[in-house]
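The next block holds one structure in the form of C-alpha cells; read it before the comments.
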Protein chains: 2
Amino acid sequence: MPRIDDAHRTDRKTVILDAAERCFARSGFHGASMAQICAEAGMSPGNLYRYFPSKEALTEGLIERDLAEATASFSLLGQVDDIWTAFSELGRHYLVEQPREEVAVWIETMAEVSRNPQIAALRKKTDEVIHDCLFGVLKTAKDRGLAAPHADIEAIVQFMMTYADGLLLRRVRDPHFDASTQIETMFAMTRAMMGAAPEASNDNRN
Amino acid sequence: MPRIDDAHRTDRKTVILDAAERCFARSGFHGASMAQICAEAGMSPGNLYRYFPSKEALTEGLIERDLAEATASFSLLGQVDDIWTAFSELGRHYLVEQPREEVAVWIETMAEVSRNPQIAALRKKTDEVIHDCLFGVLKTAKDRGLAAPHADIEAIVQFMMTYADGLLLRRVRDPHFDASTQIETMFAMTRAMMGAAPEASNDNRN
DNA sequence: GAAAAGAGAATGAATGTTCGCTAGCTTTTA
DNA sequence: TAAAAGCTAGCGAACATTCATTCTCTTTTC
C-alpha cells in the first residue's frame, strides 16, 4: 500500500498556489482562467482539481497563505527590543521589497472583500492580527515610559494601518513611487503621535 | 432629415453608465455580465451596443466620468478663501458621503490599473489633477504667509493623497469604520506639517 | 497489484457580441 | 396633403467562444 505522502502533497499545493498568484496578479481573480493556471503550474486540469476542489478554493487558499505569512511576520514584533528598528524592517519588507505581483493580488483581495463574505472574513482576521500585534507592542512601549501618557495607542495603530494601506495603493499605481522615503515620513509621524523624541530617543521622561 | 438628438443620446448614456456602475460595484468589472447591465439599464443588448461599442468602452466611460467629476470638484479649490473649510467639505464628500458603490468601483479601478494601460492612463490623469489642485492651493497659502517657510508643500500633498487613499480602502473593508473622525486626524496632521495655526484659522492676513 | 498521481478530451453553461428585424419619427415626393 | 422613403431607437434570438468542471484513461509508486 502506497503511503499518503503529505509532504509531497504540500509541495504540489505550493506549486499551484504560486502559479495561481502569478496568474491572478496578471489577470485578476475573475480574469485568470483555470487553463492558464494549469499551464503556469505545468499540470493538467484533472490533476489540479485533486488538490483544490474549485477556483474559489484556490483563491481562498492563496489568501489564507498570505494571512499565515502576515501572522508569522507580525507576531515577531512581540519578541523584539527596539520597536523602531523592527517597524522599519517590517515596513521595508511589506511596502518596498514585496514584489509587485503580491501587491496586485492584495488589491484584488480588497476589491473582492466587498462581495465575497468568505474572503471578507479572512481579510478581517488578517487585519485583526496586524492590529493586535501593533497595539500590543506600542502599549508595552508606552507602559515602559517610551511614550507620553496622553498618547492614544489605538489612534496611532489606526493611523499606521491606514497610511500603510495608502502607501501600498500608491506604489501599485505609480511605478516611480518612492516608498522608502514615505515610510520614514510615516514613522516620523508615528513617533510624533507617541509623543516621544522625534529622531533619537533623547527625551523619555517617564 | 431628422435632427440628431444629442441631449437624448447623452441621457441614455447616463442611464447605461449608472446601471454599469451598480453592476460593477456588485460584481466587479469582469464579474458583471453585459446581460446584467442591460437588465439594470432596462435595455436590450443590441440597443446598448449602439451607445458603447464594447464592455471595455463601458468601463472606460465610467472612469472618464469619474475623472470629469473629480476635476470639477477639485478645481473649485482655486476659487475659495478658507482652504480648511474647503478641504473639510471635499473630504466629507469623497471619504464619508460618497456611496459605497462608487468606492467599490474605485477599488476595482485600482486593481485594473495594474493590467490595463488605458485605465492606468486615465487614473494617472486623475491623480495629476488632484495633485496639482492641492499643490496650487497650498502653495498659494504658503506664499500668503499661512504656512511656515520651511513647509514642504510637495510632501504635504503626497501625505494627503496617500492618507486619503488609505481611508477609502479602510472604509470599504470595515462597514463600522468612522471616516469622519479620521478625516479630522488627517487635517490636523496636514496643519501640523504646514506649521500653521493648529485649529482655527485665526491668522489669515491676506 | 493496488492505490495514488497525472493526463487530456469532453461537457454544458455562460460569456461578449452581432444580426435581422420592427416601430415610430421626420423629410421628401407626387 | 398623402404617400413614400429614410432615419434612429430599440428589440431579442443567435453566434462563436471561453469558462469551470468532470470523466475516462494511463502512468508511476510502494
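Labels used: A, B, ... for chains in the order of the C-alpha cells, numbers from 1 for residues in each chain, and numbers from 1 for ligands as shown.
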- request: Report as number ranges by chain the set of chain C residues whose atoms approach chain B to within 9 Å, with distances computed over only C-alpha atoms (C1' of nucleotides).
  value: C: 15-18, 25-28
query: Among segment 6-165 of chain B, which residues carry a DSSP assignment of helix (DSSP H, G or I), reported as a VMD selection string?
result: chain B and resid 6 to 31 34 to 41 45 to 48 55 to 79 83 to 97 100 to 113 117 to 143 153 to 165
Using only C-alpha atoms (C1' of nucleotides), which residues sit within 12 Å of Lys125 of chain A once same-chain residues fewer than 6 positions away are excluded, as a PDB file with N, CA and C atoms, in the first residue's frame?
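result22.pdb was written with the following content:
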ATOM      1  N   ILE A  63      -5.241  33.441  -0.233  1.00  0.00           N
ATOM      2  CA  ILE A  63      -5.421  34.490   0.780  1.00  0.00           C
ATOM      3  C   ILE A  63      -5.086  33.936   2.169  1.00  0.00           C
ATOM      4  N   GLU A  64      -5.427  32.680   2.394  1.00  0.00           N
ATOM      5  CA  GLU A  64      -5.082  32.065   3.677  1.00  0.00           C
ATOM      6  C   GLU A  64      -3.570  31.994   3.861  1.00  0.00           C
ATOM      7  N   ASP A  66      -1.401  34.079   2.612  1.00  0.00           N
ATOM      8  CA  ASP A  66      -0.962  35.429   2.941  1.00  0.00           C
ATOM      9  C   ASP A  66      -1.251  35.743   4.408  1.00  0.00           C
ATOM     10  N   LEU A  67      -2.411  35.298   4.864  1.00  0.00           N
ATOM     11  CA  LEU A  67      -2.756  35.508   6.277  1.00  0.00           C
ATOM     12  C   LEU A  67      -1.730  34.856   7.188  1.00  0.00           C
ATOM     13  N   ALA A  68      -1.367  33.628   6.861  1.00  0.00           N
ATOM     14  CA  ALA A  68      -0.385  32.913   7.682  1.00  0.00           C
ATOM     15  C   ALA A  68       0.955  33.631   7.685  1.00  0.00           C
ATOM     16  N   ALA A  70       1.499  36.841   7.144  1.00  0.00           N
ATOM     17  CA  ALA A  70       1.390  38.078   7.915  1.00  0.00           C
ATOM     18  C   ALA A  70       1.403  37.792   9.409  1.00  0.00           C
ATOM     19  N   THR A  71       0.688  36.760   9.798  1.00  0.00           N
ATOM     20  CA  THR A  71       0.652  36.394  11.210  1.00  0.00           C
ATOM     21  C   THR A  71       2.059  36.099  11.720  1.00  0.00           C
ATOM     22  N   GLN A 118     -16.679  35.092   2.467  1.00  0.00           N
ATOM     23  CA  GLN A 118     -15.574  34.234   2.897  1.00  0.00           C
ATOM     24  C   GLN A 118     -14.267  35.026   2.904  1.00  0.00           C
ATOM     25  N   ILE A 119     -14.024  35.705   1.801  1.00  0.00           N
ATOM     26  CA  ILE A 119     -12.793  36.473   1.686  1.00  0.00           C
ATOM     27  C   ILE A 119     -12.811  37.645   2.660  1.00  0.00           C
ATOM     28  N   HIS A 131      -3.496  44.467  13.695  1.00  0.00           N
ATOM     29  CA  HIS A 131      -3.896  45.462  14.696  1.00  0.00           C
ATOM     30  C   HIS A 131      -3.420  45.058  16.086  1.00  0.00           C
ATOM     31  N   ASP A 132      -3.696  43.819  16.465  1.00  0.00           N
ATOM     32  CA  ASP A 132      -3.372  43.391  17.825  1.00  0.00           C
ATOM     33  C   ASP A 132      -1.868  43.389  18.068  1.00  0.00           C
TER      34      ASP A 132
ATOM     35  N   ARG B 173     -13.477  48.219   3.620  1.00  0.00           N
ATOM     36  CA  ARG B 173     -13.213  46.967   4.309  1.00  0.00           C
ATOM     37  C   ARG B 173     -14.034  46.825   5.571  1.00  0.00           C
ATOM     38  N   ASP B 174     -14.234  47.937   6.276  1.00  0.00           N
ATOM     39  CA  ASP B 174     -14.913  47.880   7.561  1.00  0.00           C
ATOM     40  C   ASP B 174     -16.155  48.763   7.544  1.00  0.00           C
TER      41      ASP B 174
END
query: Counting only C-alpha atoms, which residues of chain B come no farther than 9 Å from chain A, as a ChimeraX atom specification?
result: /B:25-31,104-105,107-108,110-115,120,123-124,155,158-159,161-170,172-174,182,185-186,189
Convert the current residue selection to file output with C-alpha atoms, as a PDB file, in the first residue's frame.
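Done, and the output landed in result_19.pdb:
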ATOM      1  CA  ALA B  25     -19.906  47.640  -7.751  1.00  0.00           C
ATOM      2  CA  ARG B  26     -21.832  44.444  -7.143  1.00  0.00           C
ATOM      3  CA  SER B  27     -19.744  42.017  -9.211  1.00  0.00           C
ATOM      4  CA  GLY B  28     -16.605  43.760 -10.404  1.00  0.00           C
ATOM      5  CA  PHE B  29     -15.540  44.719 -13.919  1.00  0.00           C
ATOM      6  CA  HIS B  30     -15.011  41.124 -15.006  1.00  0.00           C
ATOM      7  CA  GLY B  31     -17.712  39.557 -12.864  1.00  0.00           C
ATOM      8  CA  ALA B 104     -16.243  49.848  -4.722  1.00  0.00           C
ATOM      9  CA  VAL B 105     -15.799  50.845  -8.359  1.00  0.00           C
ATOM     10  CA  ILE B 107     -11.079  49.986  -5.801  1.00  0.00           C
ATOM     11  CA  GLU B 108     -11.953  47.933  -8.840  1.00  0.00           C
ATOM     12  CA  MET B 110      -7.152  50.466  -8.721  1.00  0.00           C
ATOM     13  CA  ALA B 111      -6.934  46.737  -9.353  1.00  0.00           C
ATOM     14  CA  GLU B 112      -7.396  47.241 -13.082  1.00  0.00           C
ATOM     15  CA  VAL B 113      -4.646  49.866 -13.267  1.00  0.00           C
ATOM     16  CA  SER B 114      -2.052  47.111 -12.948  1.00  0.00           C
ATOM     17  CA  ARG B 115      -3.106  45.432 -16.168  1.00  0.00           C
ATOM     18  CA  ALA B 120      -3.838  53.337 -15.992  1.00  0.00           C
ATOM     19  CA  ARG B 123      -6.214  57.096 -13.470  1.00  0.00           C
ATOM     20  CA  LYS B 124      -2.869  58.846 -13.774  1.00  0.00           C
ATOM     21  CA  ALA B 155       5.474  66.318   0.895  1.00  0.00           C
ATOM     22  CA  GLN B 158       1.843  63.363  -1.003  1.00  0.00           C
ATOM     23  CA  PHE B 159       0.753  62.787   2.567  1.00  0.00           C
ATOM     24  CA  MET B 161      -3.282  61.868  -1.150  1.00  0.00           C
ATOM     25  CA  THR B 162      -1.754  58.750   0.357  1.00  0.00           C
ATOM     26  CA  TYR B 163      -3.725  59.013   3.572  1.00  0.00           C
ATOM     27  CA  ALA B 164      -6.968  59.665   1.718  1.00  0.00           C
ATOM     28  CA  ASP B 165      -6.392  56.509  -0.330  1.00  0.00           C
ATOM     29  CA  GLY B 166      -5.890  54.570   2.867  1.00  0.00           C
ATOM     30  CA  LEU B 167      -9.062  55.967   4.380  1.00  0.00           C
ATOM     31  CA  LEU B 168     -11.155  54.960   1.374  1.00  0.00           C
ATOM     32  CA  LEU B 169      -9.705  51.472   1.459  1.00  0.00           C
ATOM     33  CA  ARG B 170     -10.444  51.022   5.142  1.00  0.00           C
ATOM     34  CA  VAL B 172     -14.781  49.656   2.187  1.00  0.00           C
ATOM     35  CA  ARG B 173     -13.213  46.967   4.309  1.00  0.00           C
ATOM     36  CA  ASP B 174     -14.913  47.880   7.561  1.00  0.00           C
ATOM     37  CA  GLN B 182     -10.214  60.019  10.825  1.00  0.00           C
ATOM     38  CA  THR B 185      -6.847  63.488  12.277  1.00  0.00           C
ATOM     39  CA  MET B 186      -5.732  63.840   8.708  1.00  0.00           C
ATOM     40  CA  MET B 189      -1.598  66.419  10.642  1.00  0.00           C
TER      41      MET B 189
END
message: as a PyMOL selection string, could you give me every residue of chain D near chain A (at most 9 Å apart, counting only C-alpha atoms (C1' of nucleotides))?
response: chain D and resi 19-22+29-30
Kindly export the residues of the current selection with N, CA and C atoms (P, O5', C5', C4', C3', O3' and C1' of nucleotides), as an mmCIF file, in the first residue's frame.
data_model
loop_
_atom_site.group_PDB
_atom_site.id
_atom_site.type_symbol
_atom_site.label_atom_id
_atom_site.label_comp_id
_atom_site.auth_asym_id
_atom_site.auth_seq_id
_atom_site.Cartn_x
_atom_site.Cartn_y
_atom_site.Cartn_z
ATOM 1 P P DC D 19 -11.095 31.785 -21.119
ATOM 2 O "O5'" DC D 19 -11.954 31.159 -19.944
ATOM 3 C "C5'" DC D 19 -13.050 31.914 -19.426
ATOM 4 C "C4'" DC D 19 -13.985 31.005 -18.658
ATOM 5 C "C3'" DC D 19 -13.283 29.961 -17.811
ATOM 6 O "O3'" DC D 19 -13.055 30.518 -16.529
ATOM 7 C "C1'" DC D 19 -15.168 29.038 -18.976
ATOM 8 P P DA D 20 -12.118 29.737 -15.502
ATOM 9 O "O5'" DA D 20 -13.097 28.677 -14.828
ATOM 10 C "C5'" DA D 20 -14.244 29.144 -14.146
ATOM 11 C "C4'" DA D 20 -15.118 27.978 -13.749
ATOM 12 C "C3'" DA D 20 -14.456 27.001 -12.765
ATOM 13 O "O3'" DA D 20 -15.439 26.568 -11.828
ATOM 14 C "C1'" DA D 20 -15.008 25.865 -14.782
ATOM 15 P P DT D 21 -15.025 25.624 -10.622
ATOM 16 O "O5'" DT D 21 -15.322 24.184 -11.233
ATOM 17 C "C5'" DT D 21 -16.645 23.887 -11.697
ATOM 18 C "C4'" DT D 21 -16.664 22.571 -12.447
ATOM 19 C "C3'" DT D 21 -16.061 21.365 -11.705
ATOM 20 O "O3'" DT D 21 -17.131 20.491 -11.356
ATOM 21 C "C1'" DT D 21 -15.526 21.366 -14.016
ATOM 22 P P DT D 22 -16.871 19.140 -10.588
ATOM 23 O "O5'" DT D 22 -16.880 18.086 -11.791
ATOM 24 C "C5'" DT D 22 -17.945 18.117 -12.727
ATOM 25 C "C4'" DT D 22 -17.768 16.992 -13.726
ATOM 26 C "C3'" DT D 22 -17.391 15.640 -13.118
ATOM 27 O "O3'" DT D 22 -18.139 14.647 -13.797
ATOM 28 C "C1'" DT D 22 -15.814 16.218 -14.754
ATOM 29 P P DT D 29 7.794 7.436 -10.156
ATOM 30 O "O5'" DT D 29 7.141 6.796 -8.852
ATOM 31 C "C5'" DT D 29 6.095 7.502 -8.182
ATOM 32 C "C4'" DT D 29 5.583 6.674 -7.034
ATOM 33 C "C3'" DT D 29 6.676 5.929 -6.245
ATOM 34 O "O3'" DT D 29 6.438 6.114 -4.861
ATOM 35 C "C1'" DT D 29 4.982 4.418 -6.879
ATOM 36 P P DC D 30 7.624 5.834 -3.842
ATOM 37 O "O5'" DC D 30 7.016 4.652 -2.948
ATOM 38 C "C5'" DC D 30 5.738 4.859 -2.314
ATOM 39 C "C4'" DC D 30 5.168 3.512 -1.938
ATOM 40 C "C3'" DC D 30 6.107 2.605 -1.150
ATOM 41 O "O3'" DC D 30 5.396 2.048 -0.053
ATOM 42 C "C1'" DC D 30 5.202 1.436 -2.980
#
